[in-house]
$ cat query23.txt   # compact mmCIF, C-alpha atoms
# COMPACT_ATOMS: atom_id res chain seq x y z
CA GLN A 1 18.14 33.84 -28.70
CA VAL A 2 17.43 37.55 -28.74
CA GLN A 3 18.80 38.92 -31.99
CA LEU A 4 18.34 41.12 -35.02
CA VAL A 5 19.45 39.54 -38.30
CA GLN A 6 19.88 41.79 -41.31
CA SER A 7 19.93 41.12 -45.04
CA GLY A 8 23.20 40.85 -46.93
CA ALA A 9 25.51 43.25 -48.71
CA GLU A 10 24.31 45.14 -51.76
CA VAL A 11 25.92 47.04 -54.63
CA LYS A 12 23.79 49.62 -56.39
CA ARG A 13 24.12 52.16 -59.18
CA PRO A 14 23.51 55.85 -58.45
CA GLY A 15 19.82 56.69 -58.65
CA ALA A 16 18.69 53.19 -57.71
CA SER A 17 16.68 52.19 -54.65
CA ILE A 18 17.46 49.65 -51.99
CA THR A 19 15.39 47.74 -49.45
CA LEU A 20 17.09 46.25 -46.41
CA SER A 21 15.46 43.86 -43.96
CA CYS A 22 15.89 43.25 -40.25
CA LYS A 23 14.35 40.12 -38.72
CA THR A 24 13.86 40.08 -34.98
CA SER A 25 13.68 36.98 -32.80
CA GLY A 26 13.75 36.00 -29.15
CA TYR A 27 11.46 38.70 -27.78
CA PRO A 28 7.93 40.06 -28.47
CA PHE A 29 8.21 42.03 -31.70
CA THR A 30 5.81 44.84 -30.82
CA THR A 31 7.20 45.67 -27.37
CA GLN A 32 10.13 47.85 -28.48
CA PHE A 33 10.64 50.39 -31.25
CA LEU A 34 13.21 49.77 -33.97
CA HIS A 35 15.62 52.32 -35.39
CA TRP A 36 17.72 52.39 -38.53
CA LEU A 37 21.19 53.97 -38.51
CA ARG A 38 24.11 54.01 -40.88
CA GLN A 39 27.84 54.37 -40.46
CA ALA A 40 30.32 55.57 -43.06
CA PRO A 41 33.94 54.42 -42.72
CA GLY A 42 35.78 56.12 -39.87
CA GLN A 43 32.71 57.96 -38.61
CA GLY A 44 30.19 57.62 -35.82
CA PRO A 45 26.76 56.17 -36.55
CA GLU A 46 24.09 58.43 -38.06
CA TRP A 47 20.45 58.07 -37.05
CA MET A 48 18.01 57.69 -39.95
CA GLY A 49 14.62 56.96 -38.47
CA ILE A 50 12.42 54.92 -36.16
CA ILE A 51 9.37 52.70 -36.53
CA LYS A 52 6.86 51.76 -33.89
CA THR A 53 6.59 48.03 -34.45
CA GLY A 54 3.11 47.91 -32.94
CA ASP A 55 1.30 50.20 -35.38
CA GLY A 56 3.91 51.03 -38.01
CA ASN A 57 4.13 54.75 -37.23
CA THR A 58 7.43 56.27 -38.29
CA ILE A 59 9.65 59.29 -37.70
CA TYR A 60 12.44 60.07 -40.14
CA ALA A 61 15.49 62.28 -39.87
CA ASP A 62 15.02 65.49 -41.88
CA LYS A 63 18.07 64.61 -43.95
CA PHE A 64 16.32 61.58 -45.47
CA HIS A 65 12.77 62.89 -45.82
CA GLY A 66 11.34 62.04 -49.21
CA ARG A 67 13.88 59.26 -49.80
CA ILE A 68 13.26 56.87 -46.91
CA THR A 69 10.41 54.53 -46.06
CA MET A 70 10.27 52.16 -43.10
CA THR A 71 7.70 49.39 -42.83
CA ARG A 72 7.19 46.29 -40.75
CA ASP A 73 5.54 42.90 -41.10
CA THR A 74 4.27 41.62 -37.77
CA SER A 75 3.61 38.12 -39.17
CA THR A 76 7.30 37.62 -39.89
CA THR A 77 8.64 40.01 -37.21
CA THR A 78 10.64 41.78 -39.90
CA THR A 79 11.28 45.47 -40.40
CA TYR A 80 12.23 47.00 -43.75
CA MET A 81 14.04 50.19 -44.71
CA GLN A 82 13.85 51.48 -48.28
CA LEU A 83 16.13 54.27 -49.46
CA SER A 84 15.68 55.76 -52.93
CA GLY A 85 17.72 58.05 -55.13
CA LEU A 86 20.98 56.48 -54.02
CA ARG A 87 24.21 58.45 -54.43
CA SER A 88 27.82 57.68 -53.65
CA GLU A 89 27.52 59.39 -50.26
CA ASP A 90 25.02 56.71 -49.22
CA THR A 91 27.80 54.11 -49.22
CA ALA A 92 27.89 52.87 -45.62
CA VAL A 93 27.08 50.02 -43.28
CA TYR A 94 23.40 50.16 -42.38
CA TYR A 95 22.19 48.92 -39.00
CA CYS A 96 18.85 48.22 -37.41
CA ALA A 97 18.86 48.69 -33.65
CA ARG A 98 16.31 48.15 -30.91
CA ASP A 99 15.27 51.01 -28.67
CA GLY A 100 16.19 50.41 -25.06
CA ARG A 101 12.76 51.23 -23.65
CA HIS A 102 9.85 48.81 -23.43
CA GLY A 103 6.32 49.97 -24.10
CA ASP A 104 4.44 52.64 -26.02
CA ASN A 105 7.20 55.21 -26.09
CA TYR A 106 10.88 55.26 -26.91
CA GLU A 107 13.97 56.88 -25.45
CA GLY A 108 16.53 56.89 -28.23
CA TRP A 109 19.33 54.62 -26.99
CA PHE A 110 20.03 51.28 -28.56
CA ASP A 111 20.33 48.07 -26.55
CA LEU A 112 20.52 45.54 -29.38
CA TRP A 113 21.98 45.90 -32.87
CA GLY A 114 21.83 43.88 -36.06
CA GLN A 115 25.07 42.73 -37.60
CA GLY A 116 24.96 45.42 -40.29
CA SER A 117 24.40 45.47 -44.05
CA GLN A 118 27.10 46.92 -46.30
CA VAL A 119 25.66 49.09 -49.06
CA THR A 120 27.96 50.29 -51.83
CA VAL A 121 26.79 52.84 -54.37
CA SER A 122 29.01 53.00 -57.41
CA SER A 123 28.73 53.50 -61.14
CA GLU B 1 21.10 69.56 -33.64
CA ILE B 2 23.32 68.79 -30.65
CA VAL B 3 26.98 68.25 -31.52
CA MET B 4 28.90 65.64 -29.51
CA THR B 5 32.68 65.96 -29.23
CA GLN B 6 35.00 63.23 -27.93
CA SER B 7 38.57 63.42 -26.75
CA PRO B 8 41.17 62.16 -27.33
CA ALA B 9 40.81 60.71 -30.82
CA THR B 10 43.22 57.89 -30.00
CA LEU B 11 44.59 56.54 -26.75
CA SER B 12 47.38 53.98 -26.30
CA VAL B 13 47.28 52.29 -22.90
CA SER B 14 48.98 49.35 -21.19
CA PRO B 15 46.93 46.45 -19.82
CA GLY B 16 45.87 47.01 -16.23
CA GLU B 17 45.95 50.81 -16.49
CA ARG B 18 43.00 53.10 -15.84
CA VAL B 19 41.46 54.72 -18.92
CA THR B 20 39.35 57.89 -18.99
CA LEU B 21 37.46 58.94 -22.11
CA SER B 22 35.72 62.31 -22.39
CA CYS B 23 32.59 63.43 -24.22
CA TRP B 24 31.10 66.92 -24.43
CA ALA B 25 27.68 68.06 -25.66
CA SER B 26 27.16 71.42 -27.37
CA GLN B 27 24.20 72.01 -25.05
CA SER B 28 22.76 70.25 -22.03
CA VAL B 29 21.54 66.69 -22.55
CA SER B 30 20.74 66.15 -18.86
CA SER B 31 21.68 62.49 -18.17
CA HIS B 32 20.47 61.23 -21.55
CA LEU B 33 23.84 59.93 -22.64
CA ALA B 34 24.88 56.47 -23.78
CA TRP B 35 28.26 54.88 -24.46
CA TYR B 36 28.97 52.15 -27.02
CA GLN B 37 31.96 49.95 -27.79
CA GLN B 38 32.69 48.97 -31.38
CA LYS B 39 35.30 46.45 -32.51
CA PRO B 40 36.43 46.19 -36.15
CA GLY B 41 33.82 44.61 -38.39
CA GLN B 42 31.23 44.48 -35.61
CA ALA B 43 28.15 46.45 -34.68
CA PRO B 44 28.32 48.82 -31.72
CA ARG B 45 27.56 47.30 -28.31
CA LEU B 46 25.76 49.24 -25.60
CA LEU B 47 27.89 49.77 -22.48
CA ILE B 48 26.19 52.57 -20.53
CA TYR B 49 22.87 54.43 -20.69
CA GLY B 50 21.45 57.19 -18.54
CA ALA B 51 25.05 58.47 -18.24
CA SER B 52 25.94 55.94 -15.53
CA THR B 53 23.81 52.75 -15.75
CA ARG B 54 25.69 49.72 -17.00
CA ALA B 55 23.87 47.66 -19.62
CA THR B 56 23.14 43.99 -18.99
CA GLY B 57 26.27 41.85 -19.02
CA ILE B 58 28.76 44.72 -19.07
CA PRO B 59 31.74 44.15 -16.73
CA ALA B 60 32.01 46.31 -13.63
CA ARG B 61 35.33 47.78 -14.82
CA PHE B 62 33.28 50.03 -17.13
CA SER B 63 31.67 53.04 -15.47
CA GLY B 64 30.08 56.26 -16.67
CA SER B 65 29.66 59.64 -15.02
CA GLY B 66 28.69 63.21 -15.76
CA SER B 67 25.63 65.26 -16.61
CA GLU B 68 24.51 68.27 -18.64
CA THR B 69 27.39 68.81 -21.08
CA GLU B 70 30.37 66.86 -19.70
CA PHE B 71 30.62 63.08 -19.50
CA THR B 72 33.27 60.46 -18.80
CA LEU B 73 33.64 56.76 -19.51
CA THR B 74 36.18 55.04 -17.25
CA ILE B 75 37.72 51.61 -17.66
CA SER B 76 39.20 50.86 -14.26
CA SER B 77 41.73 48.25 -15.41
CA LEU B 78 42.18 47.87 -19.14
CA GLN B 79 41.98 44.36 -20.57
CA SER B 80 43.28 43.31 -23.98
CA GLU B 81 39.72 42.68 -25.19
CA ASP B 82 38.86 46.34 -24.52
CA SER B 83 40.74 47.44 -27.63
CA ALA B 84 37.99 49.16 -29.63
CA VAL B 85 36.43 52.47 -30.65
CA TYR B 86 34.15 54.03 -28.04
CA PHE B 87 31.27 56.33 -29.01
CA CYS B 88 29.09 58.57 -26.89
CA GLN B 89 25.52 59.36 -27.99
CA GLN B 90 22.93 61.84 -26.71
CA TYR B 91 19.21 61.13 -26.73
CA ASN B 92 17.91 64.20 -24.92
CA ASN B 93 17.04 66.33 -27.95
CA TRP B 94 15.74 64.12 -30.74
CA PRO B 95 15.30 63.58 -33.54
CA PRO B 96 18.01 63.15 -34.35
CA GLU B 97 19.93 61.22 -31.77
CA THR B 98 23.57 62.19 -32.33
CA PHE B 99 26.91 60.47 -31.80
CA GLY B 100 30.41 61.69 -31.14
CA GLY B 101 33.25 60.95 -33.51
CA GLY B 102 34.67 58.23 -31.29
CA THR B 103 37.83 57.50 -29.29
CA LYS B 104 40.03 54.62 -30.39
CA VAL B 105 41.64 52.73 -27.50
CA GLU B 106 44.75 50.78 -28.41
CA ILE B 107 46.66 48.35 -26.26
CA LYS B 108 50.37 49.11 -25.81

$ encode --input "query23.txt" --output "structure tokens"
Amino acid sequence: QVQLVQSGAEVKRPGASITLSCKTSGYPFTTQFLHWLRQAPGQGPEWMGIIKTGDGNTIYADKFHGRITMTRDTSTTTTYMQLSGLRSEDTAVYYCARDGRHGDNYEGWFDLWGQGSQVTVSS
Amino acid sequence: EIVMTQSPATLSVSPGERVTLSCWASQSVSSHLAWYQQKPGQAPRLLIYGASTRATGIPARFSGSGSETEFTLTISSLQSEDSAVYFCQQYNNWPPETFGGGTKVEIK
């Protein structure tokens, strides 16, 4: 079954870091890029960054530069997103999503999503 | 950054009726526009990409049209299971890819 399965909900204190995981299955891991997005309550999703699963190259949204790191493990077909310096505004549901294009480039639309990971930042 | 605007914010429609949702881009995005459906507690689901291409498994009652700055998602005959929030998203000028604020479709 083609799917993305994410890690569970987390509660963190302000200033802490978090690492979320996204395990892919049902298709060749390195054939499509993976994105991370987040969604605050009542809002549209917000794009955070993308990782090329083949070689690990990344592009991050300017808003998160310096705080975000995306990595992947090809042996376990899992992608990770670490966000540091958490603040209350980072409270959201975080999603991994597969890029819709196959191959060495990406297009920026999302044909498969993980189920989401709720992250709550609170003192 | 391209700003995406959706209208209306909420729509209440009877089953069987035709539904038209609108999305505008602050500058041209060519045909690089996608639509997603999101039900409460679920991840978004891709409906349309390339402004008018239905994703795999999406019923034919969903159709997309438009180009440049004006886009439309049409549900030809609303079903009860179509109650959801619908988002448009541009991927012409990235990063970042940007989403509209969504239109909530309610069943009367």

$ atom_distance --input "query23.txt" --atom1 "atom CA of Glu81 of chain B" --atom2 "atom CA of Lys39 of chain B"
9.3 Å

$ atom_distance --input "query23.txt" --atom1 "atom CA of Gln42 of chain B" --atom2 "atom CA of Gly116 of chain A"
7.9 Å

$ closest_atom_pairs --input "query23.txt" --of "chain A" --to "chain B" --cutoff "10 Å" --atoms "all atoms listed in the file" --output "Markdown table"
| residue | atom | partner | partner_atom | distance |
| --- | --- | --- | --- | --- |
| A:Leu37 | CA | B:Glu97 | CA | 10.0 |
| A:Gln39 | CA | B:Ala43 | CA | 9.8 |
| A:Gly42 | CA | B:Gly101 | CA | 8.4 |
| A:Gln43 | CA | B:Gly101 | CA | 5.9 |
| A:Gly44 | CA | B:Gly101 | CA | 5.1 |
| A:Pro45 | CA | B:Phe99 | CA | 6.4 |
| A:Glu46 | CA | B:Thr98 | CA | 6.9 |
| A:Trp47 | CA | B:Glu97 | CA | 6.2 |
| A:Met48 | CA | B:Pro96 | CA | 7.8 |
| A:Gly49 | CA | B:Pro96 | CA | 8.2 |
| A:Ile50 | CA | B:Pro95 | CA | 9.5 |
| A:Ile59 | CA | B:Pro95 | CA | 8.2 |
| A:Tyr60 | CA | B:Pro95 | CA | 8.0 |
| A:Ala61 | CA | B:Pro96 | CA | 6.1 |
| A:Asp62 | CA | B:Pro96 | CA | 8.4 |
| A:Lys63 | CA | B:Pro96 | CA | 9.7 |
| A:Val93 | CA | B:Ala43 | CA | 9.4 |
| A:Tyr94 | CA | B:Ala43 | CA | 9.8 |
| A:Tyr95 | CA | B:Ala43 | CA | 7.8 |
| A:Cys96 | CA | B:Ala43 | CA | 9.9 |
| A:Ala97 | CA | B:Ala43 | CA | 9.6 |
| A:Gly100 | CA | B:Tyr49 | CA | 8.9 |
| A:Glu107 | CA | B:Tyr91 | CA | 6.9 |
| A:Gly108 | CA | B:Tyr91 | CA | 5.2 |
| A:Trp109 | CA | B:Tyr91 | CA | 6.5 |
| A:Phe110 | CA | B:Leu46 | CA | 6.8 |
| A:Asp111 | CA | B:Leu46 | CA | 5.6 |
| A:Leu112 | CA | B:Arg45 | CA | 7.3 |
| A:Trp113 | CA | B:Ala43 | CA | 6.5 |
| A:Gly114 | CA | B:Ala43 | CA | 7.0 |
| A:Gln115 | CA | B:Ala43 | CA | 5.6 |
| A:Gly116 | CA | B:Ala43 | CA | 6.5 |

$ atom_distance --input "query23.txt" --atom1 "atom CA of Ile2 of chain B" --atom2 "atom CA of Phe71 of chain B"
14.5 Å

$ residues_around --input "query23.txt" --residues "Val13 of chain B" --least-positions-apart "3" --cutoff "9 Å" --atoms "all atoms listed in the file" --output "PyMOL selection string"
chain B and resi 16-19+78+105-108

$ residues_around --input "query23.txt" --residues "Ser75 of chain A" --least-positions-apart "4" --cutoff "12 Å" --atoms "all atoms listed in the file" --output "ChimeraX atom specification"
/A:23-25,28-30,53-54,79

$ closest_residue --input "query23.txt" --among "B:Ser52, B:Ser14, B:Thr5, B:Ser28" --to "Ser83 of chain B" --atoms "all atoms listed in the file"
B:Ser14

$ closest_residue --input "query23.txt" --among "A:Ala9, A:Ile18, A:Val2, A:Ile51" --to "Tyr106 of chain A" --atoms "all atoms listed in the file"
A:Ile51

$ closest_residue --input "query23.txt" --among "A:Ser88, A:Thr77, A:Asp104, A:Gln1" --to "Asn57 of chain A" --atoms "all atoms listed in the file"
A:Asp104

$ residues_around --input "query23.txt" --residues "segment 21-26 of chain B" --least-positions-apart "5" --cutoff "6 Å" --atoms "all atoms listed in the file" --output "PyMOL selection string"
chain B and resi 2-7+69-73

$ write_last_selection --input "query23.txt" --atoms "C-alpha atoms" --output "tab-separated table (two decimals), keeping the file's coordinate frame"
chain	number	residue	atom	x	y	z
B	2	ILE	CA	23.32	68.79	-30.65
B	3	VAL	CA	26.98	68.25	-31.52
B	4	MET	CA	28.90	65.64	-29.51
B	5	THR	CA	32.68	65.96	-29.23
B	6	GLN	CA	35.00	63.23	-27.93
B	7	SER	CA	38.57	63.42	-26.75
B	69	THR	CA	27.39	68.81	-21.08
B	70	GLU	CA	30.37	66.86	-19.70
B	71	PHE	CA	30.62	63.08	-19.50
B	72	THR	CA	33.27	60.46	-18.80
B	73	LEU	CA	33.64	56.76	-19.51

$ closest_residue --input "query23.txt" --among "A:Thr91, A:Ser117, A:Gly15, A:Ser122" --to "Ala40 of chain A" --atoms "all atoms listed in the file"
A:Thr91

$ axis_aligned_box --input "query23.txt" --around "segment 7-17 of chain A" --padding-each-side "5 Å" --output "lines of an AutoDock Vina configuration file"
center_x = 21.3
center_y = 48.8
center_z = -52.1
size_x = 19.2
size_y = 25.8
size_z = 24.1

$ residues_around --input "query23.txt" --residues "Ala92 of chain A" --least-positions-apart "6" --cutoff "7 Å" --atoms "only C-alpha atoms" --output "PyMOL selection string"
chain A and resi 38-41+118-120

$ residues_near_point --input "query23.txt" --point "(33.2, 47.8, -10.1)" --cutoff "12 Å" --atoms "only C-alpha atoms" --output "VMD selection string"
chain B and resid 54 58 to 64 74 to 77

$ write_last_selection --input "query23.txt" --atoms "C-alpha atoms" --output "CSV table (one decimal), keeping the file's coordinate frame"
chain,number,residue,atom,x,y,z
B,54,ARG,CA,25.7,49.7,-17.0
B,58,ILE,CA,28.8,44.7,-19.1
B,59,PRO,CA,31.7,44.2,-16.7
B,60,ALA,CA,32.0,46.3,-13.6
B,61,ARG,CA,35.3,47.8,-14.8
B,62,PHE,CA,33.3,50.0,-17.1
B,63,SER,CA,31.7,53.0,-15.5
B,64,GLY,CA,30.1,56.3,-16.7
B,74,THR,CA,36.2,55.0,-17.2
B,75,ILE,CA,37.7,51.6,-17.7
B,76,SER,CA,39.2,50.9,-14.3
B,77,SER,CA,41.7,48.2,-15.4

$ closest_residue --input "query23.txt" --among "A:Phe64, A:Gln32, A:Lys52, A:Ser21" --to "Asp90 of chain A" --atoms "only C-alpha atoms"
A:Phe64

$ closest_residue --input "query23.txt" --among "A:Leu20, A:Gly85, A:Gly103, A:Thr31" --to "Met70 of chain A" --atoms "all atoms listed in the file"
A:Leu20

$ decode --input "query23.txt" --residues "segment 27-101 of chain B" --atoms "C-alpha atoms" --output "short mmCIF file (atom, residue, chain, number, x, y, z; two decimals), in the first residue's frame"
data_model
loop_
_atom_site.label_atom_id
_atom_site.label_comp_id
_atom_site.auth_asym_id
_atom_site.auth_seq_id
_atom_site.Cartn_x
_atom_site.Cartn_y
_atom_site.Cartn_z
CA GLN B 27 0.15 37.48 -10.09
CA SER B 28 0.12 34.99 -12.94
CA VAL B 29 0.76 31.36 -12.03
CA SER B 30 0.14 30.09 -15.56
CA SER B 31 -1.64 26.72 -15.10
CA HIS B 32 0.41 25.72 -12.05
CA LEU B 33 -2.55 25.47 -9.73
CA ALA B 34 -3.76 22.58 -7.59
CA TRP B 35 -6.93 21.99 -5.58
CA TYR B 36 -7.20 19.95 -2.38
CA GLN B 37 -10.09 18.69 -0.27
CA GLN B 38 -9.70 18.47 3.49
CA LYS B 39 -12.18 16.88 5.89
CA PRO B 40 -12.02 17.45 9.67
CA GLY B 41 -9.13 15.63 11.31
CA GLN B 42 -7.73 14.45 7.97
CA ALA B 43 -4.85 15.44 5.74
CA PRO B 44 -5.60 17.31 2.52
CA ARG B 45 -6.34 15.15 -0.53
CA LEU B 46 -5.27 16.15 -4.02
CA LEU B 47 -8.20 16.72 -6.39
CA ILE B 48 -6.80 18.68 -9.33
CA TYR B 49 -3.34 19.67 -10.60
CA GLY B 50 -2.27 21.64 -13.64
CA ALA B 51 -5.45 23.70 -13.11
CA SER B 52 -7.67 21.09 -14.79
CA THR B 53 -6.21 17.55 -14.52
CA ARG B 54 -8.06 15.30 -12.12
CA ALA B 55 -5.87 13.27 -9.78
CA THR B 56 -6.08 9.49 -9.76
CA GLY B 57 -9.35 8.21 -8.31
CA ILE B 58 -11.10 11.58 -8.16
CA PRO B 59 -14.76 11.42 -9.30
CA ALA B 60 -15.67 13.08 -12.58
CA ARG B 61 -18.05 15.49 -10.80
CA PHE B 62 -14.96 17.48 -9.77
CA SER B 63 -13.50 19.72 -12.48
CA GLY B 64 -11.03 22.59 -12.56
CA SER B 65 -10.59 25.47 -14.97
CA GLY B 66 -8.79 28.76 -15.38
CA SER B 67 -5.30 30.10 -15.97
CA GLU B 68 -3.03 33.02 -15.10
CA THR B 69 -4.74 34.60 -12.09
CA GLU B 70 -8.32 33.27 -12.03
CA PHE B 71 -9.31 29.68 -11.30
CA THR B 72 -12.46 27.72 -10.56
CA LEU B 73 -13.24 24.38 -8.97
CA THR B 74 -16.67 23.01 -9.91
CA ILE B 75 -18.57 20.18 -8.30
CA SER B 76 -21.24 19.31 -10.84
CA SER B 77 -23.66 17.61 -8.43
CA LEU B 78 -22.86 17.92 -4.74
CA GLN B 79 -22.83 14.72 -2.70
CA SER B 80 -23.04 14.55 1.10
CA GLU B 81 -19.46 13.25 1.28
CA ASP B 82 -18.23 16.44 -0.42
CA SER B 83 -18.69 18.43 2.78
CA ALA B 84 -15.15 19.69 3.43
CA VAL B 85 -12.76 22.64 3.16
CA TYR B 86 -11.27 23.17 -0.30
CA PHE B 87 -7.87 24.81 -0.78
CA CYS B 88 -6.18 26.10 -3.90
CA GLN B 89 -2.37 26.14 -4.14
CA GLN B 90 0.03 27.68 -6.66
CA TYR B 91 3.33 26.09 -7.61
CA ASN B 92 4.47 28.43 -10.37
CA ASN B 93 6.70 30.71 -8.29
CA TRP B 94 8.46 28.71 -5.60
CA PRO B 95 9.73 28.50 -3.03
CA PRO B 96 7.43 28.88 -1.36
CA GLU B 97 4.42 27.12 -2.74
CA THR B 98 1.44 29.03 -1.34
CA PHE B 99 -2.14 28.12 -0.44
CA GLY B 100 -5.36 30.05 -0.27
CA GLY B 101 -7.29 30.40 2.95
#
